[in-house]
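Shown below: target_14.csv, with CSV, C-alpha atoms.
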```csv
chain,number,residue,atom,x,y,z
A,1,MET,CA,51.8,79.1,134.3
A,2,ILE,CA,52.5,79.4,130.5
A,3,ALA,CA,56.2,79.1,131.2
A,4,GLN,CA,55.7,75.9,133.1
A,5,ILE,CA,53.6,74.4,130.3
A,6,LEU,CA,56.2,75.3,127.7
A,7,LEU,CA,58.9,73.7,129.8
A,8,LYS,CA,56.9,70.5,130.3
A,9,LYS,CA,56.0,70.2,126.6
A,10,ASN,CA,59.4,70.9,125.2
A,11,PHE,CA,58.2,72.5,122.0
A,12,PRO,CA,61.1,72.4,119.4
A,13,HIS,CA,59.9,75.6,117.6
A,14,VAL,CA,59.3,77.7,120.7
A,15,VAL,CA,61.8,79.1,123.2
A,16,LEU,CA,61.5,80.8,126.6
A,17,VAL,CA,63.6,83.9,126.5
A,18,ILE,CA,63.4,84.2,130.3
A,19,ASP,CA,63.3,80.7,131.6
A,20,PRO,CA,62.4,80.3,135.3
A,21,SER,CA,64.9,77.4,135.6
A,22,GLY,CA,67.8,79.9,135.0
A,23,THR,CA,68.8,78.5,131.6
A,24,THR,CA,68.2,80.6,128.6
A,25,GLU,CA,68.7,79.8,124.9
A,26,GLU,CA,70.2,82.8,123.2
A,27,LEU,CA,68.7,83.6,119.9
A,28,GLU,CA,70.2,85.6,117.0
A,29,PRO,CA,68.1,88.1,115.0
A,30,VAL,CA,66.5,86.7,111.9
A,31,GLY,CA,67.4,88.2,108.6
A,32,SER,CA,65.7,86.8,105.5
A,33,LEU,CA,63.5,83.8,105.8
A,34,SER,CA,63.7,80.6,103.8
A,35,ASN,CA,60.7,78.3,103.2
A,36,ASP,CA,62.1,76.0,105.9
A,37,ASP,CA,62.3,79.0,108.3
A,38,ILE,CA,58.6,79.8,107.5
A,39,SER,CA,57.7,76.2,108.1
A,40,ASP,CA,59.5,76.3,111.5
A,41,ILE,CA,57.5,79.3,112.5
A,42,ILE,CA,54.2,77.7,111.4
A,43,SER,CA,55.1,74.5,113.2
A,44,GLY,CA,55.8,76.6,116.4
A,45,LEU,CA,52.4,78.3,116.2
A,46,LYS,CA,50.7,74.9,115.6
A,47,GLU,CA,52.5,73.5,118.7
A,48,LEU,CA,51.3,76.4,120.8
A,49,HIS,CA,47.7,76.2,119.5
A,50,SER,CA,47.7,72.4,120.3
A,51,ALA,CA,48.3,73.3,123.9
A,52,ASP,CA,45.6,76.1,123.8
A,53,ILE,CA,48.3,78.8,124.0
A,54,HIS,CA,47.9,81.9,121.9
A,55,VAL,CA,50.5,84.4,121.1
A,56,LEU,CA,49.1,87.3,119.0
A,57,ASP,CA,52.2,89.5,119.0
A,58,ILE,CA,54.6,87.0,117.4
A,59,ARG,CA,58.3,87.5,117.6
A,60,ILE,CA,61.0,85.2,116.2
A,61,GLY,CA,64.7,84.5,116.6
A,62,ARG,CA,67.3,82.0,115.3
A,63,GLY,CA,68.5,79.3,117.6
A,64,ARG,CA,72.0,77.8,117.9
A,65,GLU,CA,71.3,75.1,115.4
A,66,GLY,CA,69.8,77.6,112.8
A,67,GLN,CA,66.2,76.8,113.5
A,68,VAL,CA,63.8,79.8,113.7
A,69,LYS,CA,61.7,79.8,116.9
A,70,ILE,CA,58.9,81.8,118.3
A,71,THR,CA,60.1,83.9,121.3
A,72,ASP,CA,58.9,86.5,123.8
A,73,LEU,CA,56.1,85.3,126.2
A,74,SER,CA,55.0,88.8,127.1
A,75,THR,CA,51.8,88.6,125.1
A,76,PHE,CA,51.0,84.9,125.3
A,77,SER,CA,47.6,83.8,126.7
A,78,LEU,CA,46.4,80.5,128.0
A,79,GLY,CA,42.9,79.2,127.3
A,80,SER,CA,40.4,82.0,127.9
A,81,GLU,CA,42.9,84.6,129.0
A,82,ILE,CA,43.1,87.5,126.5
A,83,PRO,CA,46.4,89.1,125.4
A,84,ILE,CA,46.7,92.7,126.2
A,85,ASN,CA,48.1,94.2,122.9
A,86,THR,CA,49.5,93.5,119.5
A,87,ARG,CA,51.6,95.5,117.1
A,88,TYR,CA,49.4,94.4,114.2
A,89,ASN,CA,46.1,95.8,113.1
A,90,LEU,CA,43.4,93.1,113.3
A,91,PRO,CA,40.4,93.2,111.0
A,92,GLU,CA,38.1,91.7,113.7
A,93,SER,CA,36.8,93.8,116.5
A,94,SER,CA,37.5,91.2,119.2
A,95,TYR,CA,40.3,88.7,119.6
A,96,VAL,CA,39.5,85.2,118.1
A,97,LYS,CA,42.5,83.2,119.5
A,98,ALA,CA,44.1,81.0,116.9
A,99,LYS,CA,42.6,82.9,113.9
A,100,SER,CA,43.9,86.2,115.2
A,101,ASP,CA,47.3,84.6,115.7
A,102,ILE,CA,47.3,83.5,112.0
A,103,TRP,CA,46.6,87.1,110.9
A,104,CYS,CA,49.5,88.3,113.1
A,105,LEU,CA,51.9,85.7,111.7
A,106,GLY,CA,50.8,86.7,108.2
A,107,CYS,CA,51.7,90.3,109.0
A,108,LEU,CA,55.1,89.2,110.4
A,109,LEU,CA,55.9,87.2,107.3
A,110,PHE,CA,54.6,89.9,105.0
A,111,GLY,CA,57.0,92.2,106.7
A,112,LYS,CA,54.6,95.0,107.6
A,113,ASN,CA,51.2,95.7,109.1
A,114,ILE,CA,48.2,95.7,106.9
A,115,PRO,CA,46.7,99.3,106.8
A,116,LYS,CA,43.1,99.4,108.0
A,117,ARG,CA,42.0,101.0,104.7
A,118,PHE,CA,42.7,97.7,102.9
A,119,MET,CA,40.4,95.8,105.3
A,120,LYS,CA,37.2,97.3,103.9
A,121,SER,CA,36.8,94.4,101.5
A,122,GLN,CA,38.5,91.2,100.6
A,123,GLU,CA,38.9,92.4,97.0
A,124,LEU,CA,40.7,95.5,98.1
A,125,LEU,CA,43.0,93.5,100.4
A,126,ASP,CA,43.6,90.9,97.6
A,127,GLY,CA,44.7,93.7,95.4
A,128,PHE,CA,47.2,94.9,98.0
A,129,LEU,CA,48.5,91.4,98.4
A,130,LYS,CA,48.5,90.5,94.6
A,131,ASP,CA,52.3,89.9,94.3
A,132,SER,CA,52.5,88.1,97.7
A,133,PRO,CA,53.0,84.3,98.0
A,134,GLU,CA,49.9,82.1,98.2
A,135,TYR,CA,50.5,81.2,101.8
A,136,LEU,CA,50.2,84.8,102.9
A,137,LYS,CA,46.9,85.2,101.0
A,138,ILE,CA,45.4,82.3,103.0
A,139,MET,CA,46.7,83.7,106.3
A,140,LEU,CA,45.6,87.3,105.6
A,141,LYS,CA,41.8,86.9,105.0
A,142,ILE,CA,39.6,89.5,106.5
A,143,ASN,CA,37.1,86.9,107.7
A,144,PRO,CA,38.7,84.9,110.5
A,145,ASN,CA,36.8,81.8,109.5
A,146,GLU,CA,38.6,81.8,106.1
A,147,ARG,CA,42.1,82.0,107.6
A,148,ASP,CA,44.3,79.0,107.9
A,149,LEU,CA,47.9,77.9,108.4
A,150,PRO,CA,49.5,76.2,105.5
A,151,TYR,CA,50.7,72.6,106.0
A,152,THR,CA,53.7,73.0,103.6
A,153,ILE,CA,55.3,75.9,101.9
A,154,GLU,CA,56.5,75.2,98.3
A,155,SER,CA,59.6,76.7,96.7
A,156,ASN,CA,57.4,78.8,94.3
A,157,GLY,CA,55.5,80.4,97.2
A,158,GLY,CA,52.6,78.1,96.8
A,159,CYS,CA,51.3,76.1,99.7
A,160,VAL,CA,49.2,73.1,100.8
A,161,VAL,CA,46.6,73.6,103.5
A,162,GLN,CA,45.7,70.7,105.6
```
Structure re-expressed in structure tokens:
Amino acid sequence: MIAQILLKKNFPHVVLVIDPSGTTEELEPVGSLSNDDISDIISGLKELHSADIHVLDIRIGRGREGQVKITDLSTFSLGSEIPINTRYNLPESSYVKAKSDIWCLGCLLFGKNIPKRFMKSQELLDGFLKDSPEYLKIMLKINPNERDLPYTIESNGGCVVQ
């Protein structure tokens, strides 16, 4: 079902690794990420959320034309379906769809999981993230209602939230 929706929507920032039609876009591993790469990933997540598709365990790859895309549908959920697992520690006790996806994307971009001991207070987590770019600080909020996806990523690591 999710694969059919993705094929019909033709999301430019999302790729099916195993496409039921038999065609597959091969992706290269992603090394370091530029601000444009981060914007591609954020756009992909927004595309999925607009179709009520949630990913939780976000994985990325680089396409033929250099664009970074979200891959691996093994943990995608549609609507009210709940993903089974994630490799990231979530501060919330239950999955909250798009807001949990934002946390997981923040962890992916941060380059590591956030240890549970830093989730006891926002002040403690902010101290852990003190040298991180601003866009990560808005994605990695303990309270899901305070998390957001940046609209643009600036060259200095700042961001604009829509």
Report, in Å with one decimal, the straight-line distance from CA of Arg87 in chain A to CA of His49 in chain A. 19.8 Å
With a distance cut-off of 9 Å and all atoms listed in the file, select the neighbouring residues of range 106-112 of chain A, excluding the residue or stretch itself and same-chain residues fewer than 4 positions from it, and output the selection as a PyMOL selection string. chain A and resi 33+38+58-59+88-89+101-102+132+135-140
Counting only C-alpha atoms, figure out which residue out of A:Met119, A:Leu27, A:Leu129, A:Leu124 gets nearest to Arg64 in chain A.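 Answer, going by the shortest atom-to-atom distance: A:Leu27.
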Between CA of Lys97 in chain A and CA of Ile60 in chain A, what is the spacing in Å? 18.9 Å
Determine, counting only C-alpha atoms, which protein, DNA and RNA residues have an atom within 9 Å of an atom of Lys46 in chain A; residues of the same chain fewer than 5 positions away are not included. Present the result as a list in words.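 Surrounding residues, per the criterion: Ile41, Ala51 and Leu149 of chain A.
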Expressed in Å to a single decimal, how great is the separation between CA of Glu123 in chain A and CA of Asn143 in chain A? 12.2 Å
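Taking all atoms listed in the file into account, Lys116 in chain A lies nearest to A:Ile142 out of the set A:Ile153, A:Ile142, A:Val68, A:Ala98.
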I need the residue nearest Val96 in chain A from this list: A:Pro144, A:Asn113, A:Phe118, A:Asp52. Use all atoms listed in the file for the distance.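 Nearest to Val96 in chain A: A:Pro144.
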